[in-house]
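> I have a structure here, written as structure tokens, and I will follow up with some questions on it.
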Amino acid sequence: MNLLALSGVEAFYGASQVLFGVDLEVGQGEAVALLGRNGMGKTTTMRAILGLAGRSGGDIRFAGRGLSGLRPHERARLGIGLVPEGRRCFPTLTVAENLLIAARPGPWTLARLYELFPRLAERRGQPARTLSGGEQQMLAIGRALMTNPTLLMLDEATEGLAPLLRQEIWAVIRKLKGEGQSILIVDKTLAELFPVADRCFILERGRTVWSGQAEELTAELQQRHLGV
């Protein structure tokens, strides 16, 4: 059963159309990779799911419910959590305050989050602006988890991180997947992404041009749709 289903989704920024008919599904407990070259509409698709992409069309359904007409905070309350590109932590708030400001009832508590990210426990009293880039990324993921989402969306969660920190983030993603967390993920590191992803969807110029199992995405398909 699909937890999330997009059919013919369009999105506009002002008069400019960015998405021209995106089709996408994420099953319960499934990790799905959303792929494509830069500027093909991956981030806009995530923003459209949350109602942040301006004017949009098509059908977006979450847990069997249509999202048309719902505001972003209403969609989030249904169980959609986003780790945005660029982290976007609240710089003057402490680590603990960044986490608690988003907290909703559920299995993810502050104590459990600190077990997942011990570095955040060590820095719980520090303002977010004093953290390293990798620590801020952990905080962004932690903040999304504290909303206790049914679906976790990760937009370039490892971009720009040092290799060791990137591996830490991927270890967390694998752990979440193993615990049954439904995940929609955008990332460029295919070697790390493919072992996690159950299915892949590729966008080109705002349209879904390929979908299938991760193992079906051959080198030829990768070059055609993802190569520079």
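Simple scheme: letters A, B, ... for chains in structure tokens order, numbers from 1 for residues in each chain, numbers from 1 for ligands in the order shown.
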May I have the residues within 10 Å of stretch 41-55 of chain A as an MDAnalysis selection string, using only C-alpha atoms and disregarding those fewer than 6 positions away in the same chain?

chainID A and resid 4:6 9:15 17:20 22:24 34:35 61:62 67:76 80:82 84:85 153:156 184:187 201:208

> Applying 10 Å and only C-alpha atoms, which residues near A:Gly125 remain after dropping the ones on its own chain fewer than 3 positions away? List them as a ChimeraX atom specification.

/A:93-97,120-122,128

> From the options A:Leu116, A:Gln126, A:Ala144, A:Gly29, which residue's atoms come nearest to A:Gly79, counting only C-alpha atoms?

A:Ala144

> What's the 8 Å shell around A:Ala140, counting only C-alpha atoms, without same-chain residues fewer than 2 positions away, as a PDB file with N, CA and C atoms, in the first residue's frame?


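Saved as around14.pdb:
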```pdb
ATOM      1  N   VAL A  83      13.682  17.291   5.971  1.00  0.00           N
ATOM      2  CA  VAL A  83      15.028  17.791   6.257  1.00  0.00           C
ATOM      3  C   VAL A  83      15.435  18.596   5.031  1.00  0.00           C
ATOM      4  N   PRO A  84      15.362  19.924   5.090  1.00  0.00           N
ATOM      5  CA  PRO A  84      15.535  20.730   3.879  1.00  0.00           C
ATOM      6  C   PRO A  84      16.987  20.841   3.447  1.00  0.00           C
ATOM      7  N   ARG A  87      19.965  22.777   5.564  1.00  0.00           N
ATOM      8  CA  ARG A  87      19.807  22.565   7.011  1.00  0.00           C
ATOM      9  C   ARG A  87      18.804  23.504   7.650  1.00  0.00           C
ATOM     10  N   ARG A  88      19.016  24.811   7.582  1.00  0.00           N
ATOM     11  CA  ARG A  88      18.062  25.810   8.062  1.00  0.00           C
ATOM     12  C   ARG A  88      17.689  25.628   9.534  1.00  0.00           C
ATOM     13  N   CYS A  89      18.700  25.426  10.349  1.00  0.00           N
ATOM     14  CA  CYS A  89      18.484  25.408  11.787  1.00  0.00           C
ATOM     15  C   CYS A  89      18.239  26.836  12.274  1.00  0.00           C
ATOM     16  N   GLN A 136      25.221  20.466  12.336  1.00  0.00           N
ATOM     17  CA  GLN A 136      23.975  21.132  11.959  1.00  0.00           C
ATOM     18  C   GLN A 136      23.086  20.198  11.128  1.00  0.00           C
ATOM     19  N   GLN A 137      23.706  19.360  10.302  1.00  0.00           N
ATOM     20  CA  GLN A 137      22.916  18.409   9.527  1.00  0.00           C
ATOM     21  C   GLN A 137      22.271  17.373  10.443  1.00  0.00           C
ATOM     22  N   MET A 138      23.020  16.909  11.438  1.00  0.00           N
ATOM     23  CA  MET A 138      22.437  16.009  12.433  1.00  0.00           C
ATOM     24  C   MET A 138      21.262  16.680  13.135  1.00  0.00           C
ATOM     25  N   GLY A 142      17.503  15.479  13.253  1.00  0.00           N
ATOM     26  CA  GLY A 142      16.889  15.280  14.556  1.00  0.00           C
ATOM     27  C   GLY A 142      15.616  16.086  14.737  1.00  0.00           C
ATOM     28  N   ARG A 143      15.630  17.315  14.263  1.00  0.00           N
ATOM     29  CA  ARG A 143      14.444  18.168  14.371  1.00  0.00           C
ATOM     30  C   ARG A 143      13.273  17.558  13.604  1.00  0.00           C
ATOM     31  N   ALA A 144      13.545  17.017  12.413  1.00  0.00           N
ATOM     32  CA  ALA A 144      12.482  16.366  11.636  1.00  0.00           C
ATOM     33  C   ALA A 144      11.973  15.120  12.346  1.00  0.00           C
TER      34      ALA A 144
END
```

> Separation of atom CA of A:Leu151 and atom CA of A:Gln181, in Å?

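Between these atoms lies a distance of 7.0 Å.
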
> For a quick check of understanding, using only C-alpha atoms, which of A:Ile60, A:Leu145, A:Leu226, A:Ala219 has the smallest distance to A:Lys188?

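Selected residue with least distance to A:Lys188: A:Leu226.
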
> List every residue of stretch 95-154 of chain A that DSSP, applied to the backbone of this structure, assigns to alpha helix (DSSP H), and report them as a PyMOL selection string.

chain A and resi 95-100+110-116+118-122+133-145

> Could you save the residues just selected, with C-alpha atoms, as a short mmCIF file (atom, residue, chain, number, x, y, z; two decimals), in the first residue's frame?


```
data_model
loop_
_atom_site.label_atom_id
_atom_site.label_comp_id
_atom_site.auth_asym_id
_atom_site.auth_seq_id
_atom_site.Cartn_x
_atom_site.Cartn_y
_atom_site.Cartn_z
CA VAL A 95 20.46 22.46 20.11
CA ALA A 96 17.84 21.37 22.64
CA GLU A 97 15.57 24.29 21.76
CA ASN A 98 15.82 23.50 18.04
CA LEU A 99 14.70 19.95 18.79
CA LEU A 100 11.95 20.75 21.27
CA LEU A 110 14.73 13.92 23.23
CA ALA A 111 16.41 11.05 25.08
CA ARG A 112 16.06 8.69 22.11
CA LEU A 113 17.28 11.37 19.72
CA TYR A 114 20.39 11.93 21.84
CA GLU A 115 21.08 8.19 21.68
CA LEU A 116 20.96 8.39 17.89
CA PRO A 118 25.46 11.56 20.84
CA ARG A 119 27.17 14.69 19.48
CA LEU A 120 23.92 16.61 19.86
CA ALA A 121 23.64 15.47 23.47
CA GLU A 122 27.15 16.82 24.11
CA GLY A 133 28.21 21.77 9.21
CA GLY A 134 27.92 18.07 9.95
CA GLU A 135 26.51 18.71 13.42
CA GLN A 136 23.97 21.13 11.96
CA GLN A 137 22.92 18.41 9.53
CA MET A 138 22.44 16.01 12.43
CA LEU A 139 20.36 18.68 14.13
CA ALA A 140 18.21 19.17 11.03
CA ILE A 141 17.55 15.43 10.83
CA GLY A 142 16.89 15.28 14.56
CA ARG A 143 14.44 18.17 14.37
CA ALA A 144 12.48 16.37 11.64
CA LEU A 145 12.45 13.12 13.63
#
```

> Extract, using only C-alpha atoms, all DNA, RNA and protein residues at most 9 Å from A:Ala31, discarding same-chain residues fewer than 6 positions from it, and format them as number ranges by chain.

A: 177, 181-185, 196-200

> What's around A:Leu221 at 12 Å? Count only C-alpha atoms, leave out sequence neighbours fewer than 3 positions away in its own chain, and write the answer as a list of chain:residue names.

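So the residues in contact are A:Leu35, A:Gly36, A:Cys200, A:Phe201, A:Ile202, A:Val209, A:Trp210, A:Ser211, A:Gly212, A:Ala214, A:Glu215, A:Glu216, A:Leu217, A:Thr218, A:Arg224, A:His225, A:Leu226, A:Gly227.
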
> Output the selection as a PDB file, in the first residue's frame - C-alpha atoms for each residue.


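Written output follows (result15.pdb):
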```pdb
ATOM      1  CA  LEU A  35      17.015  11.339  -8.733  1.00  0.00           C
ATOM      2  CA  GLY A  36      17.903  13.763 -11.505  1.00  0.00           C
ATOM      3  CA  CYS A 200      14.085   5.028  -7.725  1.00  0.00           C
ATOM      4  CA  PHE A 201      12.284   7.760  -9.667  1.00  0.00           C
ATOM      5  CA  ILE A 202      14.153  10.014 -12.095  1.00  0.00           C
ATOM      6  CA  VAL A 209      11.023   9.827 -17.016  1.00  0.00           C
ATOM      7  CA  TRP A 210      12.008   6.564 -15.335  1.00  0.00           C
ATOM      8  CA  SER A 211      11.049   4.495 -12.309  1.00  0.00           C
ATOM      9  CA  GLY A 212      12.021   1.060 -11.107  1.00  0.00           C
ATOM     10  CA  ALA A 214      17.403   0.368  -7.703  1.00  0.00           C
ATOM     11  CA  GLU A 215      19.135  -2.679  -9.206  1.00  0.00           C
ATOM     12  CA  GLU A 216      17.396  -2.001 -12.532  1.00  0.00           C
ATOM     13  CA  LEU A 217      19.091   1.381 -12.915  1.00  0.00           C
ATOM     14  CA  THR A 218      21.900   0.278 -15.205  1.00  0.00           C
ATOM     15  CA  ARG A 224      21.518   8.884 -20.001  1.00  0.00           C
ATOM     16  CA  HIS A 225      19.539  10.465 -17.176  1.00  0.00           C
ATOM     17  CA  LEU A 226      22.077  11.391 -14.496  1.00  0.00           C
ATOM     18  CA  GLY A 227      25.398  11.855 -16.299  1.00  0.00           C
TER      19      GLY A 227
END
```

> So the first atom is atom CA of A:Ser16 and the second is atom CA of A:Ser56; what is the distance between them in Å, to one decimal place?

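Taking atom CA of A:Ser16 and atom CA of A:Ser56, their separation equals 11.3 Å.
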
> If you run DSSP on the backbone here, which positions in stretch 4-226 of chain A get strand (DSSP E)? Please write them as a PyMOL selection string.

chain A and resi 4-13+16-27+31-35+56-62+65-66+80-83+151-155+182-186+199-204+207-213

> Generate a file of the selected residues that holds C-alpha atoms, formatted as a CSV table (one decimal), in the first residue's frame.


```
chain,number,residue,atom,x,y,z
A,4,LEU,CA,2.5,8.7,-0.6
A,5,ALA,CA,1.2,8.9,-4.1
A,6,LEU,CA,1.8,11.8,-6.6
A,7,SER,CA,0.0,11.8,-10.0
A,8,GLY,CA,0.5,14.4,-12.7
A,9,VAL,CA,1.8,16.9,-10.2
A,10,GLU,CA,2.5,20.4,-11.6
A,11,ALA,CA,4.1,23.3,-9.7
A,12,PHE,CA,4.7,27.0,-10.5
A,13,TYR,CA,6.8,29.7,-9.1
A,16,SER,CA,7.2,29.9,-14.4
A,17,GLN,CA,6.2,26.3,-14.4
A,18,VAL,CA,8.7,23.9,-12.8
A,19,LEU,CA,6.9,20.6,-12.6
A,20,PHE,CA,5.0,19.3,-15.6
A,21,GLY,CA,3.5,16.0,-14.4
A,22,VAL,CA,5.5,14.2,-11.7
A,23,ASP,CA,4.4,10.7,-10.8
A,24,LEU,CA,5.8,9.2,-7.6
A,25,GLU,CA,5.0,6.6,-4.9
A,26,VAL,CA,6.4,5.7,-1.5
A,27,GLY,CA,5.2,2.6,0.2
A,31,ALA,CA,12.9,4.0,1.1
A,32,VAL,CA,12.5,5.8,-2.3
A,33,ALA,CA,15.3,7.7,-4.1
A,34,LEU,CA,14.3,10.8,-6.2
A,35,LEU,CA,17.0,11.3,-8.7
A,56,SER,CA,0.4,23.6,-8.0
A,57,GLY,CA,-1.8,21.0,-9.7
A,58,GLY,CA,-2.3,17.3,-10.0
A,59,ASP,CA,-3.0,14.9,-7.2
A,60,ILE,CA,-1.0,14.3,-4.0
A,61,ARG,CA,-2.3,11.8,-1.6
A,62,PHE,CA,-0.8,10.9,1.8
A,65,ARG,CA,-6.0,11.5,2.0
A,66,GLY,CA,-5.8,14.1,-0.7
A,80,ILE,CA,5.3,14.5,6.8
A,81,GLY,CA,8.8,15.6,8.0
A,82,LEU,CA,11.3,17.4,5.9
A,83,VAL,CA,15.0,17.8,6.3
A,151,LEU,CA,7.3,9.9,6.1
A,152,LEU,CA,10.7,11.4,6.4
A,153,MET,CA,11.9,13.5,3.4
A,154,LEU,CA,15.7,14.1,3.1
A,155,ASP,CA,16.9,16.7,0.6
A,182,SER,CA,9.3,5.4,5.3
A,183,ILE,CA,11.8,7.7,3.5
A,184,LEU,CA,11.9,9.8,0.4
A,185,ILE,CA,15.5,10.9,-0.3
A,186,VAL,CA,17.3,13.1,-2.7
A,199,ARG,CA,12.9,2.1,-5.7
A,200,CYS,CA,14.1,5.0,-7.7
A,201,PHE,CA,12.3,7.8,-9.7
A,202,ILE,CA,14.2,10.0,-12.1
A,203,LEU,CA,13.1,13.5,-13.0
A,204,GLU,CA,14.0,15.4,-16.2
A,207,ARG,CA,8.7,15.2,-15.5
A,208,THR,CA,9.1,11.6,-14.3
A,209,VAL,CA,11.0,9.8,-17.0
A,210,TRP,CA,12.0,6.6,-15.3
A,211,SER,CA,11.0,4.5,-12.3
A,212,GLY,CA,12.0,1.1,-11.1
A,213,GLN,CA,14.0,-1.0,-8.6
```

> Quick one: pull the distance between atom CA of A:Ala191 and atom CA of A:Pro163, Å, one decimal.

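Interatomic distance, atom CA of A:Ala191 to atom CA of A:Pro163: 13.2 Å.
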
> Find the residue from A:Gly180, A:Pro195, A:Gly39, A:Pro149 that sits nearest to A:Ala102; use only C-alpha atoms when measuring.

A:Pro149
